[in-house]
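> This is the content of input.pdb (PDB, C-alpha atoms, pLDDT in the B column):
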MODEL        1
ATOM      1  CA  MET I 747     106.899 111.118  58.386  1.00 39.00           C
ATOM      2  CA  ASP I 748     106.150 109.300  61.629  1.00 46.00           C
ATOM      3  CA  ASN I 749     104.191 111.572  63.985  1.00 52.00           C
ATOM      4  CA  GLY I 750     103.403 108.901  66.543  1.00 53.00           C
ATOM      5  CA  GLU I 751      99.963 108.064  65.110  1.00 59.00           C
ATOM      6  CA  VAL I 752      98.846 104.467  64.698  1.00 58.00           C
ATOM      7  CA  ARG I 753      95.858 103.037  62.868  1.00 64.00           C
ATOM      8  CA  LYS I 754      92.950 101.431  64.652  1.00 67.00           C
ATOM      9  CA  PRO I 755      92.729  97.636  64.716  1.00 62.00           C
ATOM     10  CA  ARG I 756      90.692  96.265  61.825  1.00 69.00           C
ATOM     11  CA  ASN I 757      89.650  92.995  63.446  1.00 69.00           C
ATOM     12  CA  TRP I 758      89.716  91.100  66.714  1.00 71.00           C
ATOM     13  CA  PHE I 759      93.072  89.504  65.879  1.00 68.00           C
ATOM     14  CA  GLU I 760      94.775  92.883  65.570  1.00 68.00           C
ATOM     15  CA  SER I 761      93.047  94.020  68.789  1.00 73.00           C
ATOM     16  CA  LEU I 762      94.441  90.968  70.537  1.00 70.00           C
ATOM     17  CA  ASN I 763      97.893  91.712  69.135  1.00 74.00           C
ATOM     18  CA  TYR I 764      97.743  95.303  70.417  1.00 72.00           C
ATOM     19  CA  ALA I 765      96.669  94.049  73.837  1.00 76.00           C
ATOM     20  CA  ILE I 766      99.644  91.686  73.986  1.00 74.00           C
ATOM     21  CA  GLU I 767     101.926  94.509  72.866  1.00 77.00           C
ATOM     22  CA  GLY I 768     100.544  96.563  75.775  1.00 78.00           C
ATOM     23  CA  VAL I 769     101.409  93.805  78.234  1.00 78.00           C
ATOM     24  CA  ILE I 770     104.912  93.529  76.791  1.00 79.00           C
ATOM     25  CA  TYR I 771     105.398  97.319  76.837  1.00 78.00           C
ATOM     26  CA  ALA I 772     104.373  97.527  80.492  1.00 77.00           C
ATOM     27  CA  PHE I 773     106.674  94.636  81.383  1.00 79.00           C
ATOM     28  CA  LYS I 774     109.636  96.198  79.561  1.00 79.00           C
ATOM     29  CA  THR I 775     109.208  99.734  80.875  1.00 78.00           C
ATOM     30  CA  GLN I 776     107.812  99.316  84.399  1.00 77.00           C
ATOM     31  CA  ARG I 777     110.159  97.882  87.008  1.00 77.00           C
ATOM     32  CA  HIS I 778     107.411  97.225  89.564  1.00 76.00           C
ATOM     33  CA  ILE I 779     105.418  95.193  87.059  1.00 80.00           C
ATOM     34  CA  ARG I 780     108.458  93.005  86.406  1.00 80.00           C
ATOM     35  CA  TYR I 781     108.823  92.451  90.143  1.00 79.00           C
ATOM     36  CA  HIS I 782     105.161  91.521  90.452  1.00 76.00           C
ATOM     37  CA  TYR I 783     105.403  89.051  87.575  1.00 79.00           C
ATOM     38  CA  VAL I 784     108.393  87.337  89.182  1.00 80.00           C
ATOM     39  CA  ILE I 785     106.719  87.235  92.597  1.00 77.00           C
ATOM     40  CA  ALA I 786     103.473  85.979  91.072  1.00 76.00           C
ATOM     41  CA  ALA I 787     105.289  83.200  89.194  1.00 79.00           C
ATOM     42  CA  ALA I 788     107.136  82.124  92.357  1.00 78.00           C
ATOM     43  CA  ALA I 789     103.936  82.205  94.411  1.00 74.00           C
ATOM     44  CA  LEU I 790     102.017  80.196  91.815  1.00 73.00           C
ATOM     45  CA  PHE I 791     104.781  77.604  91.769  1.00 75.00           C
ATOM     46  CA  LEU I 792     104.638  77.451  95.562  1.00 73.00           C
ATOM     47  CA  SER I 793     100.862  77.011  95.452  1.00 72.00           C
ATOM     48  CA  LEU I 794     101.270  74.005  93.158  1.00 71.00           C
ATOM     49  CA  PHE I 795     103.971  72.571  95.395  1.00 73.00           C
ATOM     50  CA  LEU I 796     101.710  72.917  98.438  1.00 73.00           C
ATOM     51  CA  GLU I 797      98.780  71.419  96.507  1.00 73.00           C
ATOM     52  CA  LEU I 798      96.317  74.118  97.481  1.00 74.00           C
ATOM     53  CA  PRO I 799      92.611  73.242  97.371  1.00 79.00           C
ATOM     54  CA  MET I 800      90.897  74.470  94.206  1.00 80.00           C
ATOM     55  CA  VAL I 801      88.969  77.249  95.971  1.00 82.00           C
ATOM     56  CA  GLU I 802      92.115  78.664  97.620  1.00 78.00           C
ATOM     57  CA  PHE I 803      94.058  78.377  94.368  1.00 79.00           C
ATOM     58  CA  VAL I 804      91.380  80.242  92.393  1.00 81.00           C
ATOM     59  CA  LEU I 805      91.131  82.991  95.022  1.00 81.00           C
ATOM     60  CA  PHE I 806      94.899  83.398  95.017  1.00 79.00           C
ATOM     61  CA  VAL I 807      95.107  83.539  91.214  1.00 80.00           C
ATOM     62  CA  MET I 808      92.307  86.109  91.067  1.00 83.00           C
ATOM     63  CA  SER I 809      94.031  88.312  93.635  1.00 82.00           C
ATOM     64  CA  VAL I 810      97.276  88.198  91.627  1.00 80.00           C
ATOM     65  CA  LEU I 811      95.413  89.051  88.406  1.00 82.00           C
ATOM     66  CA  ILE I 812      93.721  92.008  90.108  1.00 84.00           C
ATOM     67  CA  LEU I 813      97.116  93.297  91.255  1.00 82.00           C
ATOM     68  CA  LEU I 814      98.602  93.004  87.773  1.00 81.00           C
ATOM     69  CA  PHE I 815      95.489  94.660  86.321  1.00 83.00           C
ATOM     70  CA  ALA I 816      95.890  97.577  88.731  1.00 83.00           C
ATOM     71  CA  GLU I 817      99.556  97.937  87.751  1.00 82.00           C
ATOM     72  CA  MET I 818      98.628  97.960  84.054  1.00 82.00           C
ATOM     73  CA  MET I 819      95.950 100.609  84.609  1.00 84.00           C
ATOM     74  CA  ASN I 820      98.425 102.679  86.602  1.00 81.00           C
ATOM     75  CA  THR I 821     100.844 102.547  83.682  1.00 80.00           C
ATOM     76  CA  ALA I 822      98.075 103.494  81.233  1.00 82.00           C
ATOM     77  CA  VAL I 823      97.045 106.486  83.350  1.00 82.00           C
ATOM     78  CA  GLU I 824     100.650 107.678  83.617  1.00 79.00           C
ATOM     79  CA  GLU I 825     101.160 107.413  79.848  1.00 78.00           C
ATOM     80  CA  ALA I 826      97.929 109.307  79.137  1.00 79.00           C
ATOM     81  CA  VAL I 827      98.717 112.045  81.662  1.00 78.00           C
ATOM     82  CA  ASN I 828     102.237 112.458  80.278  1.00 74.00           C
ATOM     83  CA  LEU I 829     100.780 112.837  76.793  1.00 70.00           C
ATOM     84  CA  LEU I 830      98.241 115.475  77.796  1.00 70.00           C
ATOM     85  CA  GLU I 831     100.292 117.367  80.371  1.00 64.00           C
ATOM     86  CA  GLU I 832     104.037 117.586  79.737  1.00 63.00           C
ATOM     87  CA  LYS I 833     104.609 120.182  82.475  1.00 63.00           C
ATOM     88  CA  TYR I 834     103.966 119.712  86.180  1.00 66.00           C
ATOM     89  CA  HIS I 835     100.351 120.243  87.142  1.00 69.00           C
ATOM     90  CA  VAL I 836      98.625 119.427  90.403  1.00 73.00           C
ATOM     91  CA  ARG I 837      95.763 117.614  88.624  1.00 73.00           C
ATOM     92  CA  ALA I 838      98.214 115.490  86.700  1.00 73.00           C
ATOM     93  CA  LYS I 839      99.886 114.632  90.001  1.00 76.00           C
ATOM     94  CA  ASN I 840      96.508 113.799  91.542  1.00 78.00           C
ATOM     95  CA  ALA I 841      95.653 111.453  88.668  1.00 77.00           C
ATOM     96  CA  LYS I 842      98.945 109.614  89.021  1.00 77.00           C
ATOM     97  CA  ASP I 843      98.628 109.463  92.800  1.00 80.00           C
ATOM     98  CA  VAL I 844      95.116 108.000  92.594  1.00 84.00           C
ATOM     99  CA  SER I 845      96.194 105.328  90.097  1.00 81.00           C
ATOM    100  CA  ALA I 846      99.198 104.480  92.283  1.00 81.00           C
ATOM    101  CA  GLY I 847      96.848 104.290  95.269  1.00 83.00           C
ATOM    102  CA  ALA I 848      94.760 101.728  93.391  1.00 81.00           C
ATOM    103  CA  VAL I 849      97.881  99.584  93.047  1.00 81.00           C
ATOM    104  CA  LEU I 850      98.582  99.987  96.757  1.00 82.00           C
ATOM    105  CA  ILE I 851      95.071  98.854  97.685  1.00 85.00           C
ATOM    106  CA  ALA I 852      95.361  95.857  95.368  1.00 82.00           C
ATOM    107  CA  SER I 853      98.728  95.011  96.928  1.00 80.00           C
ATOM    108  CA  VAL I 854      97.205  95.085 100.415  1.00 83.00           C
ATOM    109  CA  GLY I 855      94.448  92.762  99.214  1.00 81.00           C
ATOM    110  CA  VAL I 856      96.984  90.314  97.800  1.00 79.00           C
ATOM    111  CA  ALA I 857      99.016  90.452 101.022  1.00 79.00           C
ATOM    112  CA  ILE I 858      95.915  89.625 103.070  1.00 82.00           C
ATOM    113  CA  MET I 859      94.993  86.795 100.710  1.00 80.00           C
ATOM    114  CA  VAL I 860      98.511  85.345 100.822  1.00 76.00           C
ATOM    115  CA  TYR I 861      98.567  85.541 104.617  1.00 77.00           C
ATOM    116  CA  MET I 862      95.181  83.852 104.998  1.00 77.00           C
ATOM    117  CA  ILE I 863      95.990  81.046 102.544  1.00 76.00           C
ATOM    118  CA  PHE I 864      99.665  80.274 103.091  1.00 73.00           C
ATOM    119  CA  THR I 865     100.154  80.722 106.830  1.00 72.00           C
ATOM    120  CA  LYS I 866      98.745  77.312 107.700  1.00 71.00           C
ATOM    121  CA  TYR I 867     101.087  75.661 105.203  1.00 71.00           C
ATOM    122  CA  ILE I 868     104.219  77.580 106.225  1.00 67.00           C
ATOM    123  CA  PHE I 869     103.872  78.701 109.847  1.00 66.00           C
ATOM    124  CA  ASP I 870     102.875  75.301 111.276  1.00 64.00           C
ATOM    125  CA  PRO I 871     105.985  73.477 109.945  1.00 65.00           C
ATOM    126  CA  MET I 872     108.129  76.441 111.019  1.00 62.00           C
ATOM    127  CA  SER I 873     106.678  76.257 114.525  1.00 61.00           C
ATOM    128  CA  ILE I 874     107.543  72.572 114.778  1.00 61.00           C
ATOM    129  CA  ALA I 875     111.110  73.153 113.580  1.00 57.00           C
ATOM    130  CA  LEU I 876     111.601  76.099 115.900  1.00 55.00           C
ATOM    131  CA  ARG I 877     110.187  74.176 118.856  1.00 58.00           C
ATOM    132  CA  GLU I 878     112.782  71.445 118.283  1.00 55.00           C
ATOM    133  CA  ALA I 879     115.524  74.095 118.298  1.00 52.00           C
ATOM    134  CA  ARG I 880     114.320  75.490 121.646  1.00 55.00           C
ATOM    135  CA  MET I 881     116.501  72.949 123.445  1.00 53.00           C
ATOM    136  CA  LEU I 882     119.525  75.079 122.513  1.00 51.00           C
ATOM    137  CA  SER I 883     120.703  77.284 125.360  1.00 58.00           C
ATOM    138  CA  GLY I 884     120.297  81.061 125.077  1.00 65.00           C
ATOM    139  CA  HIS I 885     123.879  81.809 126.086  1.00 72.00           C
ATOM    140  CA  ILE I 886     125.041  80.295 122.786  1.00 78.00           C
ATOM    141  CA  ALA I 887     123.601  83.409 121.125  1.00 80.00           C
ATOM    142  CA  ILE I 888     125.947  85.598 123.178  1.00 81.00           C
ATOM    143  CA  ILE I 889     128.923  83.397 122.328  1.00 80.00           C
ATOM    144  CA  SER I 890     127.992  83.522 118.634  1.00 83.00           C
ATOM    145  CA  LEU I 891     127.677  87.302 118.712  1.00 83.00           C
ATOM    146  CA  LEU I 892     131.099  87.691 120.345  1.00 85.00           C
ATOM    147  CA  LEU I 893     132.670  85.380 117.770  1.00 85.00           C
ATOM    148  CA  VAL I 894     131.073  87.389 114.973  1.00 86.00           C
ATOM    149  CA  LEU I 895     132.458  90.629 116.406  1.00 83.00           C
ATOM    150  CA  ILE I 896     135.930  89.077 116.663  1.00 82.00           C
ATOM    151  CA  ALA I 897     135.692  87.853 113.072  1.00 84.00           C
ATOM    152  CA  VAL I 898     134.672  91.331 111.877  1.00 83.00           C
ATOM    153  CA  VAL I 899     137.659  92.910 113.621  1.00 79.00           C
ATOM    154  CA  VAL I 900     140.010  90.295 112.142  1.00 80.00           C
ATOM    155  CA  PHE I 901     138.718  90.787 108.597  1.00 82.00           C
ATOM    156  CA  LYS I 902     138.883  94.577 108.848  1.00 78.00           C
ATOM    157  CA  ALA I 903     142.445  94.306 110.132  1.00 75.00           C
ATOM    158  CA  LEU I 904     143.364  92.063 107.200  1.00 76.00           C
ATOM    159  CA  TYR I 905     141.808  94.351 104.595  1.00 73.00           C
ATOM    160  CA  GLY I 906     143.044  97.521 106.276  1.00 65.00           C
ATOM    161  CA  LYS I 907     140.080  99.652 105.235  1.00 65.00           C
ATOM    162  CA  GLY I 908     137.653 101.637 107.355  1.00 60.00           C
ATOM    163  CA  THR I 909     137.455 101.676 111.132  1.00 59.00           C
ATOM    164  CA  PRO I 910     135.921  99.132 113.520  1.00 54.00           C
ATOM    165  CA  LEU I 911     132.648 101.073 113.532  1.00 57.00           C
ATOM    166  CA  HIS I 912     132.688 102.801 110.151  1.00 65.00           C
ATOM    167  CA  GLY I 913     133.265 101.359 106.675  1.00 66.00           C
ATOM    168  CA  GLY I 914     135.548  98.590 105.583  1.00 70.00           C
ATOM    169  CA  MET I 915     135.153  94.923 104.699  1.00 77.00           C
ATOM    170  CA  PRO I 916     132.851  93.432 105.933  1.00 82.00           C
ATOM    171  CA  SER I 917     129.989  95.487 107.362  1.00 84.00           C
ATOM    172  CA  GLY I 918     130.026  94.979 111.129  1.00 82.00           C
ATOM    173  CA  HIS I 919     126.466  96.248 111.558  1.00 85.00           C
ATOM    174  CA  SER I 920     125.171  93.737 109.001  1.00 89.00           C
ATOM    175  CA  ALA I 921     127.134  90.933 110.634  1.00 89.00           C
ATOM    176  CA  VAL I 922     125.749  91.726 114.093  1.00 89.00           C
ATOM    177  CA  ALA I 923     122.198  92.231 112.798  1.00 90.00           C
ATOM    178  CA  PHE I 924     122.116  88.889 110.987  1.00 92.00           C
ATOM    179  CA  SER I 925     123.821  87.118 113.877  1.00 90.00           C
ATOM    180  CA  LEU I 926     121.009  88.282 116.146  1.00 90.00           C
ATOM    181  CA  PHE I 927     118.423  87.333 113.512  1.00 90.00           C
ATOM    182  CA  THR I 928     119.854  83.810 113.309  1.00 88.00           C
ATOM    183  CA  SER I 929     119.883  83.409 117.086  1.00 87.00           C
ATOM    184  CA  ILE I 930     116.308  84.652 117.370  1.00 86.00           C
ATOM    185  CA  SER I 931     115.249  82.275 114.610  1.00 85.00           C
ATOM    186  CA  LEU I 932     116.748  79.296 116.439  1.00 81.00           C
ATOM    187  CA  LEU I 933     115.440  80.199 119.885  1.00 80.00           C
ATOM    188  CA  THR I 934     111.947  81.566 119.357  1.00 79.00           C
ATOM    189  CA  LEU I 935     108.754  79.590 118.844  1.00 67.00           C
ATOM    190  CA  ASN I 936     106.979  82.299 116.875  1.00 78.00           C
ATOM    191  CA  PRO I 937     107.495  82.323 113.087  1.00 83.00           C
ATOM    192  CA  LEU I 938     106.184  85.883 112.906  1.00 85.00           C
ATOM    193  CA  VAL I 939     109.002  87.005 115.231  1.00 86.00           C
ATOM    194  CA  VAL I 940     111.483  85.350 112.870  1.00 87.00           C
ATOM    195  CA  ILE I 941     110.097  87.298 109.918  1.00 88.00           C
ATOM    196  CA  LEU I 942     110.108  90.576 111.819  1.00 90.00           C
ATOM    197  CA  SER I 943     113.664  90.045 113.062  1.00 90.00           C
ATOM    198  CA  PHE I 944     114.796  89.378 109.493  1.00 92.00           C
ATOM    199  CA  ALA I 945     113.096  92.584 108.352  1.00 91.00           C
ATOM    200  CA  LEU I 946     114.884  94.488 111.120  1.00 92.00           C
ATOM    201  CA  ALA I 947     118.268  92.996 110.154  1.00 91.00           C
ATOM    202  CA  ALA I 948     117.635  93.883 106.516  1.00 91.00           C
ATOM    203  CA  MET I 949     116.737  97.472 107.423  1.00 92.00           C
ATOM    204  CA  VAL I 950     119.878  97.849 109.541  1.00 88.00           C
ATOM    205  CA  SER I 951     121.978  96.601 106.633  1.00 86.00           C
ATOM    206  CA  HIS I 952     120.161  98.799 104.130  1.00 87.00           C
ATOM    207  CA  SER I 953     120.730 101.875 106.273  1.00 86.00           C
ATOM    208  CA  ARG I 954     124.483 101.359 105.921  1.00 82.00           C
ATOM    209  CA  LEU I 955     124.075 101.344 102.151  1.00 81.00           C
ATOM    210  CA  LEU I 956     121.894 104.464 102.138  1.00 83.00           C
ATOM    211  CA  GLY I 957     124.422 106.267 104.304  1.00 79.00           C
ATOM    212  CA  GLY I 958     127.189 105.504 101.831  1.00 79.00           C
ATOM    213  CA  ILE I 959     129.187 103.796 104.576  1.00 79.00           C
ATOM    214  CA  HIS I 960     129.415 100.373 102.918  1.00 80.00           C
ATOM    215  CA  THR I 961     129.107  98.910  99.451  1.00 82.00           C
ATOM    216  CA  ARG I 962     126.576  96.212  98.567  1.00 83.00           C
ATOM    217  CA  LEU I 963     129.334  93.596  98.616  1.00 86.00           C
ATOM    218  CA  GLU I 964     130.520  94.629 102.082  1.00 86.00           C
ATOM    219  CA  ILE I 965     126.960  94.500 103.404  1.00 88.00           C
ATOM    220  CA  PHE I 966     126.267  91.135 101.777  1.00 89.00           C
ATOM    221  CA  LEU I 967     129.453  89.569 103.109  1.00 88.00           C
ATOM    222  CA  GLY I 968     128.812  91.035 106.565  1.00 88.00           C
ATOM    223  CA  GLY I 969     125.336  89.533 106.658  1.00 88.00           C
ATOM    224  CA  LEU I 970     126.654  86.232 105.377  1.00 91.00           C
ATOM    225  CA  LEU I 971     129.354  86.205 108.039  1.00 90.00           C
ATOM    226  CA  GLY I 972     126.879  86.897 110.849  1.00 90.00           C
ATOM    227  CA  PHE I 973     124.395  84.322 109.612  1.00 91.00           C
ATOM    228  CA  GLY I 974     126.893  81.598 108.723  1.00 89.00           C
ATOM    229  CA  LEU I 975     129.084  81.817 111.807  1.00 89.00           C
ATOM    230  CA  THR I 976     126.118  81.927 114.190  1.00 88.00           C
ATOM    231  CA  LEU I 977     124.466  79.007 112.465  1.00 86.00           C
ATOM    232  CA  LEU I 978     127.744  77.063 112.643  1.00 87.00           C
ATOM    233  CA  VAL I 979     128.095  77.662 116.395  1.00 84.00           C
ATOM    234  CA  PHE I 980     124.528  76.548 117.053  1.00 82.00           C
ATOM    235  CA  ARG I 981     125.044  73.512 114.842  1.00 79.00           C
ATOM    236  CA  ILE I 982     128.204  72.473 116.680  1.00 77.00           C
ATOM    237  CA  PHE I 983     126.476  72.900 120.021  1.00 73.00           C
ATOM    238  CA  PHE I 984     123.490  70.912 118.804  1.00 63.00           C
ATOM    239  CA  MET I 985     125.721  68.065 117.657  1.00 61.00           C
ATOM    240  CA  THR I 986     127.384  67.878 121.099  1.00 52.00           C
ATOM    241  CA  LEU I 987     123.981  67.260 122.681  1.00 48.00           C
ATOM    242  CA  LYS I 988     123.371  64.132 120.635  1.00 50.00           C
TER     243      LYS I 988
ENDMDL
END
So that I can check it, write out the structure of this file as structure tokens.


Amino acid sequence: MDNGEVRKPRNWFESLNYAIEGVIYAFKTQRHIRYHYVIAAAALFLSLFLELPMVEFVLFVMSVLILLFAEMMNTAVEEAVNLLEEKYHVRAKNAKDVSAGAVLIASVGVAIMVYMIFTKYIFDPMSIALREARMLSGHIAIISLLLVLIAVVVFKALYGKGTPLHGGMPSGHSAVAFSLFTSISLLTLNPLVVILSFALAAMVSHSRLLGGIHTRLEIFLGGLLGFGLTLLVFRIFFMTLK
């Protein structure tokens, strides 16, 4: 009868096999670990594309490995605590909180490392591109926003669901938020402002989902409408200046 017991590894090969099984188990059962693996793979690919110097590449790889190590230890602590304490206990909670805090600290370290290494490769080209777009007039942003609002009203009238300010296809809040994000991106000279404005637009859109006002599809299409239409207006205006 299987009571959950397993035998100890008899040699280094079996120990290695158990270690790999642990990595696979954590990947299959922990959603955050899967996210970190995907992000790490994308970041490593980007580092090769940017041809990072060896020192920066090694530092970046080590920071990613430390983050994954912290996630694995967090999973191990949670499994051990669940085995020893099935019911809620404040010490069990403290153990899990401390292990999760270790992951948070490692994540902050990786974020700092990524910022220090990649900003010079990403922000400088973004600054040049945004500086070239500065020639566009600011009033185009207002025109784009009005066109987006008109488009939202038209689509909601066609679909006949929701009200102009609540529900329906597409999400008007997402459309407006991403229209403003696009305008800010094309008019500002600061890449950090672009990132922050995108985060704000994403939070506005996400709030509509959390409130149960819109579906994911309605929010996605609203954001796409705001982004695409605004970008199209700026593009047309840019072409007329040539």

> Please enumerate the residues selected by the PyMOL selection byres ((chain I and resi 969-979) around 9) when evaluated against the supplied file, formatted as a PyMOL selection string.

chain I and resi 886-887+889-891+893-895+897-898+916-929+932+947-948+951+964-968+980-984

> What's the separation between CA of Ala788 (chain I) and CA of Met808 (chain I), in Å to one decimal place?

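Computed distance, CA of Ala788 (chain I) to CA of Met808 (chain I), equals 15.4 Å.
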
> Which centre and edge lengths in Å to one decimal define the box along x, y and z that fits every listed atom of region 887-900 of chain I plus 5 Å per side, as JSON?


{"center_x": 131.8, "center_y": 88.2, "center_z": 117.5, "size_x": 26.4, "size_y": 19.5, "size_z": 21.3}

> Using only C-alpha atoms, which of I:Gln776, I:Ser761, I:Asn936, I:Ser793 sits nearest Asn820 (chain I)?

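Selected residue with least distance to Asn820 (chain I): I:Gln776.
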
> Would you compute the distance between CA of Ala846 (chain I) and CA of Leu938 (chain I)? Give it in Å to one decimal.

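If I compute the distance from CA of Ala846 (chain I) to CA of Leu938 (chain I), I get 28.6 Å.
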
> Set the distance at 9 Å and use all atoms listed in the file: which residues neighbour Phe803 (chain I) once local chain neighbours fewer than 5 positions away are removed? I'd like the list as an MDAnalysis selection string.

chainID I and resid 790 793:794 797:798 808 863

> Rank I:Ala826, I:Val804, I:Met862, I:Val856 by their smallest atom-to-atom distance to Lys842 (chain I), using all atoms listed in the file, and report the top residue only.

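That would be I:Ala826, the residue with the smallest distance to Lys842 (chain I).
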
> List the neighbours of Met819 (chain I) out to 12 Å using all atoms listed in the file; skip same-chain residues closer than 6 positions along the sequence, and give me the result as a count of residues only.

18

> When you draw a straight line from CA of Phe806 (chain I) to CA of Val860 (chain I), how long is it in Å?

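If I compute the distance from CA of Phe806 (chain I) to CA of Val860 (chain I), I get 7.1 Å.
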
> Go through I:Val807, I:His885, I:Leu830, I:Pro937 one by one, measure the shortest atom-to-atom distance of each to Lys866 (chain I) using all atoms listed in the file, and give the residue with the smallest value.

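Closest residue, counting all atoms listed in the file: I:Pro937.
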
> Measuring between all atoms listed in the file, which one of I:Ala945, I:Val784, I:Met915, I:Val950 shows the shortest distance to Leu963 (chain I)?

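Distance minimum relative to Leu963 (chain I) lands on I:Met915.
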
> Which residue gives the smallest distance to Ala786 (chain I) among I:Leu814, I:Val801, I:Ile896, I:Ile888, with all atoms listed in the file counted?

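Looking only at the distances to Ala786 (chain I), the closest residue turns out to be I:Leu814.
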
> Which residue, I:Tyr764, I:Thr961, I:Glu824, I:Thr865, has the smallest gap to Asp843 (chain I) when you use only C-alpha atoms?

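Selected residue with least distance to Asp843 (chain I): I:Glu824.
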